[in-house]
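Take a look at the structure set out below.
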Amino acid sequence: MTNFWQAAKQHKKIQPKKQERRLYYDDAGRPVEYTGEDLPGNYIIVDELAFQEGRHDVVVKDGKLTRPNAITQYRKLIPSNQGIETAVDDVTIVTQGQHWDMTYYD
């Protein structure tokens with residue numbers, strides 16, 4: 001009978017197989033199935049995060065995964081003569097002071 005340390009030295013490490021994560025999609029680019037299996041049809045290889053999320057609101061365009069609902073517009077408060085009037089040093093307090101207006105950037 002071997003002791004623990006002798007058995008640990010004899011142990012061979014097992015390398016796990018690296019499996020491809022695939023997203024199968026239809027002709028319109030809509031997701032059909034996320035899987036690691038080799039199935040017939042169109043597919044792209046996705047990263048582990050996209051595979052775990054398993055989102056079906058994405059679209060495949062030109063072999064890339066795109067999210068059509070992503071925010072592409074940014075907004076910023078700028079000083080103005082109209083709009084909401086707040087304190088000069090704190091925009092969270094609605095009082096007499098500075099007027100602010102919202103500007104949108106694409």
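Following the order of the structure tokens, chains are lettered A, B, ..., residues in each are numbered from 1, and ligands are numbered from 1.
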Inset, instruction - Show which residues sit within 12 Å of Thr86 (chain A), as a PyMOL selection string. Count only C-alpha atoms, and ignore same-chain residues fewer than 4 positions away. - result: chain A and resi 77+79-80+82+90-101
Please produce a file of those selected residues containing all heavy atoms, as a CSV table (one decimal), in the first residue's frame.
```csv
chain,number,residue,atom,x,y,z
A,77,LEU,N,-25.1,67.3,-19.9
A,77,LEU,CA,-25.7,68.6,-19.5
A,77,LEU,C,-24.7,69.7,-19.9
A,77,LEU,O,-23.5,69.7,-19.6
A,77,LEU,CB,-25.9,68.6,-18.0
A,77,LEU,CG,-27.0,67.8,-17.4
A,77,LEU,CD1,-27.0,67.8,-15.9
A,77,LEU,CD2,-28.4,68.3,-17.9
A,79,PRO,N,-24.6,74.3,-19.9
A,79,PRO,CA,-25.2,75.5,-19.4
A,79,PRO,C,-26.1,76.1,-20.5
A,79,PRO,O,-25.7,76.0,-21.7
A,79,PRO,CB,-24.1,76.4,-19.0
A,79,PRO,CG,-22.9,75.5,-18.8
A,79,PRO,CD,-23.1,74.3,-19.7
A,80,SER,N,-27.3,76.6,-20.1
A,80,SER,CA,-28.2,77.1,-21.1
A,80,SER,C,-29.0,78.3,-20.5
A,80,SER,O,-28.9,78.5,-19.3
A,80,SER,CB,-29.1,76.0,-21.6
A,80,SER,OG,-30.1,76.5,-22.5
A,82,GLN,N,-32.3,78.2,-21.0
A,82,GLN,CA,-33.6,77.5,-20.8
A,82,GLN,C,-33.3,76.1,-20.2
A,82,GLN,O,-32.2,75.7,-20.1
A,82,GLN,CB,-34.4,77.4,-22.1
A,82,GLN,CG,-33.6,76.7,-23.1
A,82,GLN,CD,-34.3,76.7,-24.5
A,82,GLN,OE1,-35.5,77.1,-24.5
A,82,GLN,NE2,-33.7,76.3,-25.5
A,90,ASP,N,-24.2,72.4,-7.6
A,90,ASP,CA,-24.7,71.1,-7.4
A,90,ASP,C,-26.0,71.0,-8.3
A,90,ASP,O,-27.0,71.5,-8.0
A,90,ASP,CB,-25.1,70.8,-5.9
A,90,ASP,CG,-25.4,69.4,-5.7
A,90,ASP,OD1,-25.5,68.6,-6.6
A,90,ASP,OD2,-25.6,69.0,-4.5
A,91,VAL,N,-25.9,70.1,-9.3
A,91,VAL,CA,-27.0,70.0,-10.3
A,91,VAL,C,-28.1,69.2,-9.7
A,91,VAL,O,-29.2,69.1,-10.4
A,91,VAL,CB,-26.5,69.4,-11.6
A,91,VAL,CG1,-25.6,70.4,-12.3
A,91,VAL,CG2,-25.9,68.1,-11.5
A,92,THR,N,-27.9,68.5,-8.6
A,92,THR,CA,-29.0,67.7,-8.0
A,92,THR,C,-30.0,68.5,-7.2
A,92,THR,O,-31.0,68.0,-6.8
A,92,THR,CB,-28.4,66.6,-7.1
A,92,THR,OG1,-27.7,67.2,-6.0
A,92,THR,CG2,-27.5,65.7,-8.0
A,93,ILE,N,-29.7,69.8,-6.9
A,93,ILE,CA,-30.6,70.6,-6.1
A,93,ILE,C,-31.3,71.6,-7.1
A,93,ILE,O,-30.7,72.5,-7.7
A,93,ILE,CB,-29.8,71.4,-5.1
A,93,ILE,CG1,-29.1,70.4,-4.1
A,93,ILE,CG2,-30.7,72.3,-4.3
A,93,ILE,CD1,-28.1,71.1,-3.2
A,94,VAL,N,-32.6,71.5,-7.2
A,94,VAL,CA,-33.4,72.3,-8.0
A,94,VAL,C,-33.7,73.6,-7.2
A,94,VAL,O,-34.5,73.6,-6.2
A,94,VAL,CB,-34.7,71.6,-8.5
A,94,VAL,CG1,-35.6,72.6,-9.3
A,94,VAL,CG2,-34.4,70.4,-9.2
A,95,THR,N,-33.1,74.7,-7.7
A,95,THR,CA,-33.3,76.0,-7.0
A,95,THR,C,-32.9,77.1,-8.0
A,95,THR,O,-32.6,76.8,-9.2
A,95,THR,CB,-32.5,76.1,-5.7
A,95,THR,OG1,-32.8,77.3,-5.1
A,95,THR,CG2,-31.0,76.0,-6.0
A,96,GLN,N,-32.8,78.3,-7.6
A,96,GLN,CA,-32.4,79.4,-8.5
A,96,GLN,C,-30.9,79.3,-8.6
A,96,GLN,O,-30.1,79.1,-7.6
A,96,GLN,CB,-32.8,80.8,-7.9
A,96,GLN,CG,-34.3,81.0,-7.9
A,96,GLN,CD,-34.6,82.4,-7.4
A,96,GLN,OE1,-33.8,83.1,-6.9
A,96,GLN,NE2,-35.9,82.7,-7.6
A,97,GLY,N,-30.4,79.5,-9.8
A,97,GLY,CA,-28.9,79.5,-10.1
A,97,GLY,C,-28.6,79.4,-11.5
A,97,GLY,O,-28.7,80.3,-12.3
A,98,GLN,N,-28.3,78.2,-12.0
A,98,GLN,CA,-27.9,77.9,-13.4
A,98,GLN,C,-28.9,77.1,-14.1
A,98,GLN,O,-29.4,76.1,-13.6
A,98,GLN,CB,-26.5,77.2,-13.4
A,98,GLN,CG,-26.0,76.8,-14.7
A,98,GLN,CD,-25.6,78.0,-15.6
A,98,GLN,OE1,-24.9,78.9,-15.2
A,98,GLN,NE2,-26.1,78.1,-16.8
A,99,HIS,N,-29.2,77.5,-15.4
A,99,HIS,CA,-30.1,76.6,-16.2
A,99,HIS,C,-29.3,75.6,-17.0
A,99,HIS,O,-28.1,75.9,-17.4
A,99,HIS,CB,-30.8,77.5,-17.2
A,99,HIS,CG,-31.9,78.4,-16.6
A,99,HIS,ND1,-33.2,77.9,-16.4
A,99,HIS,CD2,-31.9,79.7,-16.2
A,99,HIS,CE1,-33.9,78.8,-15.9
A,99,HIS,NE2,-33.2,79.9,-15.7
A,100,TRP,N,-29.8,74.4,-17.1
A,100,TRP,CA,-29.1,73.4,-17.8
A,100,TRP,C,-30.0,72.8,-18.9
A,100,TRP,O,-31.2,72.7,-18.8
A,100,TRP,CB,-28.7,72.2,-16.9
A,100,TRP,CG,-27.7,72.7,-15.8
A,100,TRP,CD1,-28.1,73.1,-14.6
A,100,TRP,CD2,-26.3,72.7,-15.9
A,100,TRP,NE1,-26.9,73.4,-13.9
A,100,TRP,CE2,-25.8,73.2,-14.7
A,100,TRP,CE3,-25.4,72.4,-16.9
A,100,TRP,CZ2,-24.5,73.3,-14.4
A,100,TRP,CZ3,-24.1,72.6,-16.7
A,100,TRP,CH2,-23.6,73.0,-15.4
A,101,ASP,N,-29.4,72.4,-20.0
A,101,ASP,CA,-30.1,71.7,-21.1
A,101,ASP,C,-29.3,70.4,-21.5
A,101,ASP,O,-28.1,70.3,-21.3
A,101,ASP,CB,-30.2,72.6,-22.3
A,101,ASP,CG,-31.3,72.2,-23.3
A,101,ASP,OD1,-32.1,71.3,-22.9
A,101,ASP,OD2,-31.4,72.8,-24.4
```
Inset, instruction - Once DSSP has gone over the backbone, tell me which residues of chain A are in strand (DSSP E), as number ranges by chain. - result: A: 22-25, 31-35, 42-45, 59-61, 64-66, 74-80, 84-86, 98-105
Legend entry - Computed interatomic separation between CA of Glu53 (chain A) and CA of Leu39 (chain A) (Å): 20.3 Å
Inset, instruction - Give the helix (DSSP H, G or I) residues of chain A, as DSSP finds them on the backbone, and put them as a ChimeraX atom specification. - result: /A:4-10,48-53
For those residues, write N, CA and C atoms to a file as a PDB file, in the first residue's frame.
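Output file result-v9.pdb is given in full below:
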```
ATOM      1  N   PHE A   4       0.151   8.603   0.771  1.00  0.00           N
ATOM      2  CA  PHE A   4      -0.412   9.708  -0.019  1.00  0.00           C
ATOM      3  C   PHE A   4       0.630  10.395  -0.886  1.00  0.00           C
ATOM      4  N   TRP A   5       1.797  10.671  -0.364  1.00  0.00           N
ATOM      5  CA  TRP A   5       2.803  11.441  -1.100  1.00  0.00           C
ATOM      6  C   TRP A   5       3.371  10.644  -2.270  1.00  0.00           C
ATOM      7  N   GLN A   6       3.511   9.345  -2.099  1.00  0.00           N
ATOM      8  CA  GLN A   6       3.954   8.510  -3.221  1.00  0.00           C
ATOM      9  C   GLN A   6       2.889   8.466  -4.316  1.00  0.00           C
ATOM     10  N   ALA A   7       1.634   8.371  -3.916  1.00  0.00           N
ATOM     11  CA  ALA A   7       0.547   8.351  -4.899  1.00  0.00           C
ATOM     12  C   ALA A   7       0.441   9.694  -5.618  1.00  0.00           C
ATOM     13  N   ALA A   8       0.680  10.787  -4.908  1.00  0.00           N
ATOM     14  CA  ALA A   8       0.612  12.114  -5.520  1.00  0.00           C
ATOM     15  C   ALA A   8       1.713  12.286  -6.556  1.00  0.00           C
ATOM     16  N   LYS A   9       2.890  11.725  -6.320  1.00  0.00           N
ATOM     17  CA  LYS A   9       3.980  11.816  -7.292  1.00  0.00           C
ATOM     18  C   LYS A   9       3.679  10.995  -8.553  1.00  0.00           C
ATOM     19  N   GLN A  10       2.954   9.907  -8.411  1.00  0.00           N
ATOM     20  CA  GLN A  10       2.638   9.048  -9.541  1.00  0.00           C
ATOM     21  C   GLN A  10       1.456   9.570 -10.361  1.00  0.00           C
ATOM     22  N   GLU A  48     -16.224  32.681 -24.276  1.00  0.00           N
ATOM     23  CA  GLU A  48     -16.895  32.018 -23.170  1.00  0.00           C
ATOM     24  C   GLU A  48     -18.010  32.870 -22.569  1.00  0.00           C
ATOM     25  N   LEU A  49     -17.788  34.186 -22.475  1.00  0.00           N
ATOM     26  CA  LEU A  49     -18.804  35.073 -21.900  1.00  0.00           C
ATOM     27  C   LEU A  49     -20.069  35.106 -22.755  1.00  0.00           C
ATOM     28  N   ALA A  50     -19.912  35.248 -24.058  1.00  0.00           N
ATOM     29  CA  ALA A  50     -21.071  35.258 -24.956  1.00  0.00           C
ATOM     30  C   ALA A  50     -21.794  33.917 -24.914  1.00  0.00           C
ATOM     31  N   PHE A  51     -21.040  32.838 -24.778  1.00  0.00           N
ATOM     32  CA  PHE A  51     -21.644  31.514 -24.701  1.00  0.00           C
ATOM     33  C   PHE A  51     -22.454  31.353 -23.425  1.00  0.00           C
ATOM     34  N   GLN A  52     -21.906  31.816 -22.307  1.00  0.00           N
ATOM     35  CA  GLN A  52     -22.613  31.697 -21.033  1.00  0.00           C
ATOM     36  C   GLN A  52     -23.838  32.598 -20.973  1.00  0.00           C
ATOM     37  N   GLU A  53     -23.754  33.787 -21.580  1.00  0.00           N
ATOM     38  CA  GLU A  53     -24.921  34.674 -21.597  1.00  0.00           C
ATOM     39  C   GLU A  53     -26.045  34.061 -22.424  1.00  0.00           C
TER      40      GLU A  53
END
```
Inset, instruction - Please provide the set of residues having any atom within 10 Å of Arg55 (chain A), restricted to only C-alpha atoms, with same-chain residues fewer than 6 positions apart removed, written as a PyMOL selection string. - result: chain A and resi 31+33-34+67
Pull all heavy atoms from the residues just selected and write them as a PDB file, in the first residue's frame.
```pdb
ATOM      1  N   PRO A  31     -29.961  34.071 -33.901  1.00  0.00           N
ATOM      2  CA  PRO A  31     -29.419  32.886 -33.221  1.00  0.00           C
ATOM      3  C   PRO A  31     -30.405  31.725 -33.220  1.00  0.00           C
ATOM      4  O   PRO A  31     -31.605  31.916 -33.042  1.00  0.00           O
ATOM      5  CB  PRO A  31     -29.176  33.370 -31.796  1.00  0.00           C
ATOM      6  CG  PRO A  31     -29.159  34.841 -31.872  1.00  0.00           C
ATOM      7  CD  PRO A  31     -30.017  35.231 -33.012  1.00  0.00           C
ATOM      8  N   GLU A  33     -28.983  28.350 -31.889  1.00  0.00           N
ATOM      9  CA  GLU A  33     -28.555  27.546 -30.758  1.00  0.00           C
ATOM     10  C   GLU A  33     -27.100  27.845 -30.403  1.00  0.00           C
ATOM     11  O   GLU A  33     -26.257  28.015 -31.275  1.00  0.00           O
ATOM     12  CB  GLU A  33     -28.701  26.052 -31.096  1.00  0.00           C
ATOM     13  CG  GLU A  33     -28.364  25.138 -29.966  1.00  0.00           C
ATOM     14  CD  GLU A  33     -28.576  23.678 -30.322  1.00  0.00           C
ATOM     15  OE1 GLU A  33     -28.935  23.372 -31.463  1.00  0.00           O
ATOM     16  OE2 GLU A  33     -28.364  22.845 -29.437  1.00  0.00           O
ATOM     17  N   TYR A  34     -26.829  27.901 -29.100  1.00  0.00           N
ATOM     18  CA  TYR A  34     -25.472  27.966 -28.587  1.00  0.00           C
ATOM     19  C   TYR A  34     -25.096  26.548 -28.172  1.00  0.00           C
ATOM     20  O   TYR A  34     -25.808  25.918 -27.387  1.00  0.00           O
ATOM     21  CB  TYR A  34     -25.390  28.867 -27.352  1.00  0.00           C
ATOM     22  CG  TYR A  34     -25.519  30.340 -27.633  1.00  0.00           C
ATOM     23  CD1 TYR A  34     -26.759  30.960 -27.684  1.00  0.00           C
ATOM     24  CD2 TYR A  34     -24.395  31.120 -27.822  1.00  0.00           C
ATOM     25  CE1 TYR A  34     -26.877  32.308 -27.922  1.00  0.00           C
ATOM     26  CE2 TYR A  34     -24.497  32.476 -28.056  1.00  0.00           C
ATOM     27  CZ  TYR A  34     -25.742  33.061 -28.110  1.00  0.00           C
ATOM     28  OH  TYR A  34     -25.842  34.401 -28.338  1.00  0.00           O
ATOM     29  N   ARG A  67     -24.793  43.519 -31.184  1.00  0.00           N
ATOM     30  CA  ARG A  67     -25.931  43.736 -30.301  1.00  0.00           C
ATOM     31  C   ARG A  67     -26.665  44.976 -30.779  1.00  0.00           C
ATOM     32  O   ARG A  67     -26.209  46.087 -30.556  1.00  0.00           O
ATOM     33  CB  ARG A  67     -25.457  43.914 -28.869  1.00  0.00           C
ATOM     34  CG  ARG A  67     -24.866  42.650 -28.299  1.00  0.00           C
ATOM     35  CD  ARG A  67     -24.568  42.824 -26.819  1.00  0.00           C
ATOM     36  NE  ARG A  67     -24.295  41.562 -26.207  1.00  0.00           N
ATOM     37  CZ  ARG A  67     -23.077  41.075 -26.002  1.00  0.00           C
ATOM     38  NH1 ARG A  67     -22.037  41.768 -26.369  1.00  0.00           N
ATOM     39  NH2 ARG A  67     -22.912  39.916 -25.429  1.00  0.00           N
TER      40      ARG A  67
END
```
Inset, instruction - May I ask for the distance between CA of Lys12 (chain A) and CA of Glu37 (chain A), given in Å to one decimal place? - result: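 So the two atoms, CA of Lys12 (chain A) and CA of Glu37 (chain A), lie 27.8 Å apart.
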Inset, instruction - Would you mind reading off the distance between CA of Asp26 (chain A) and CA of Gly41 (chain A), one decimal, in Å? - result: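 Pair CA of Asp26 (chain A) / CA of Gly41 (chain A) returns 7.8 Å.
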Legend entry - Nearest-residue call for Asn81 (chain A), choices A:Met102, A:Val58, A:Ile44, A:Ile14, using only C-alpha atoms: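 Among the listed residues, A:Met102 lies closest to Asn81 (chain A).
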Legend entry - Long-range neighbours of Asp27 (chain A) as number ranges by chain, 12 Å cut-off, only C-alpha atoms, 4 positions minimum in chain: A: 31-32, 41-43, 59-63
Restricting it to all heavy atoms, dump the selection as an mmCIF file, in the first residue's frame.
```cif
data_model
loop_
_atom_site.group_PDB
_atom_site.id
_atom_site.type_symbol
_atom_site.label_atom_id
_atom_site.label_comp_id
_atom_site.auth_asym_id
_atom_site.auth_seq_id
_atom_site.Cartn_x
_atom_site.Cartn_y
_atom_site.Cartn_z
ATOM 1 N N PRO A 31 -29.961 34.071 -33.901
ATOM 2 C CA PRO A 31 -29.419 32.886 -33.221
ATOM 3 C C PRO A 31 -30.405 31.725 -33.220
ATOM 4 O O PRO A 31 -31.605 31.916 -33.042
ATOM 5 C CB PRO A 31 -29.176 33.370 -31.796
ATOM 6 C CG PRO A 31 -29.159 34.841 -31.872
ATOM 7 C CD PRO A 31 -30.017 35.231 -33.012
ATOM 8 N N VAL A 32 -29.876 30.540 -33.430
ATOM 9 C CA VAL A 32 -30.678 29.326 -33.366
ATOM 10 C C VAL A 32 -30.312 28.544 -32.110
ATOM 11 O O VAL A 32 -31.172 28.147 -31.338
ATOM 12 C CB VAL A 32 -30.474 28.450 -34.621
ATOM 13 C CG1 VAL A 32 -31.198 27.129 -34.495
ATOM 14 C CG2 VAL A 32 -30.919 29.193 -35.857
ATOM 15 N N GLY A 41 -25.050 23.518 -40.467
ATOM 16 C CA GLY A 41 -25.583 24.872 -40.525
ATOM 17 C C GLY A 41 -24.510 25.926 -40.368
ATOM 18 O O GLY A 41 -23.324 25.628 -40.198
ATOM 19 N N ASN A 42 -24.933 27.193 -40.409
ATOM 20 C CA ASN A 42 -24.023 28.327 -40.267
ATOM 21 C C ASN A 42 -23.712 28.539 -38.797
ATOM 22 O O ASN A 42 -24.602 28.495 -37.943
ATOM 23 C CB ASN A 42 -24.669 29.597 -40.827
ATOM 24 C CG ASN A 42 -25.009 29.471 -42.289
ATOM 25 O OD1 ASN A 42 -24.330 28.770 -43.024
ATOM 26 N ND2 ASN A 42 -26.059 30.142 -42.714
ATOM 27 N N TYR A 43 -22.427 28.819 -38.493
ATOM 28 C CA TYR A 43 -22.050 29.093 -37.116
ATOM 29 C C TYR A 43 -20.851 30.023 -37.078
ATOM 30 O O TYR A 43 -20.117 30.155 -38.049
ATOM 31 C CB TYR A 43 -21.737 27.811 -36.344
ATOM 32 C CG TYR A 43 -20.444 27.139 -36.737
ATOM 33 C CD1 TYR A 43 -19.254 27.445 -36.078
ATOM 34 C CD2 TYR A 43 -20.396 26.206 -37.762
ATOM 35 C CE1 TYR A 43 -18.071 26.831 -36.433
ATOM 36 C CE2 TYR A 43 -19.222 25.591 -38.126
ATOM 37 C CZ TYR A 43 -18.055 25.901 -37.451
ATOM 38 O OH TYR A 43 -16.886 25.303 -37.792
ATOM 39 N N VAL A 59 -27.458 39.655 -33.251
ATOM 40 C CA VAL A 59 -27.543 39.373 -34.687
ATOM 41 C C VAL A 59 -26.133 39.094 -35.192
ATOM 42 O O VAL A 59 -25.180 39.746 -34.779
ATOM 43 C CB VAL A 59 -28.155 40.578 -35.445
ATOM 44 C CG1 VAL A 59 -28.180 40.315 -36.936
ATOM 45 C CG2 VAL A 59 -29.544 40.877 -34.935
ATOM 46 N N VAL A 60 -26.000 38.149 -36.104
ATOM 47 C CA VAL A 60 -24.713 37.849 -36.724
ATOM 48 C C VAL A 60 -24.667 38.567 -38.064
ATOM 49 O O VAL A 60 -25.496 38.325 -38.942
ATOM 50 C CB VAL A 60 -24.529 36.336 -36.912
ATOM 51 C CG1 VAL A 60 -23.209 36.052 -37.606
ATOM 52 C CG2 VAL A 60 -24.604 35.618 -35.584
ATOM 53 N N LYS A 61 -23.713 39.504 -38.199
ATOM 54 C CA LYS A 61 -23.519 40.239 -39.451
ATOM 55 C C LYS A 61 -22.065 40.127 -39.859
ATOM 56 O O LYS A 61 -21.177 40.423 -39.063
ATOM 57 C CB LYS A 61 -23.855 41.722 -39.276
ATOM 58 C CG LYS A 61 -25.313 42.025 -39.251
ATOM 59 C CD LYS A 61 -25.547 43.518 -39.257
ATOM 60 C CE LYS A 61 -27.010 43.844 -39.254
ATOM 61 N NZ LYS A 61 -27.252 45.281 -39.198
ATOM 62 N N ASP A 62 -21.833 39.732 -41.076
ATOM 63 C CA ASP A 62 -20.476 39.587 -41.633
ATOM 64 C C ASP A 62 -19.579 38.725 -40.744
ATOM 65 O O ASP A 62 -18.399 39.018 -40.559
ATOM 66 C CB ASP A 62 -19.834 40.963 -41.842
ATOM 67 C CG ASP A 62 -20.631 41.822 -42.809
ATOM 68 O OD1 ASP A 62 -21.207 41.257 -43.753
ATOM 69 O OD2 ASP A 62 -20.669 43.056 -42.611
ATOM 70 N N GLY A 63 -20.141 37.685 -40.155
ATOM 71 C CA GLY A 63 -19.367 36.774 -39.332
ATOM 72 C C GLY A 63 -19.021 37.299 -37.956
ATOM 73 O O GLY A 63 -18.182 36.726 -37.270
#
```
Legend entry - Nearest to Gln19 (chain A) by atom-to-atom distance, counting only C-alpha atoms, from A:Asn3, A:Thr66, A:Thr35, A:Thr103: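 Of A:Asn3, A:Thr66, A:Thr35, A:Thr103, the one nearest Gln19 (chain A), counting only C-alpha atoms, is A:Thr35.
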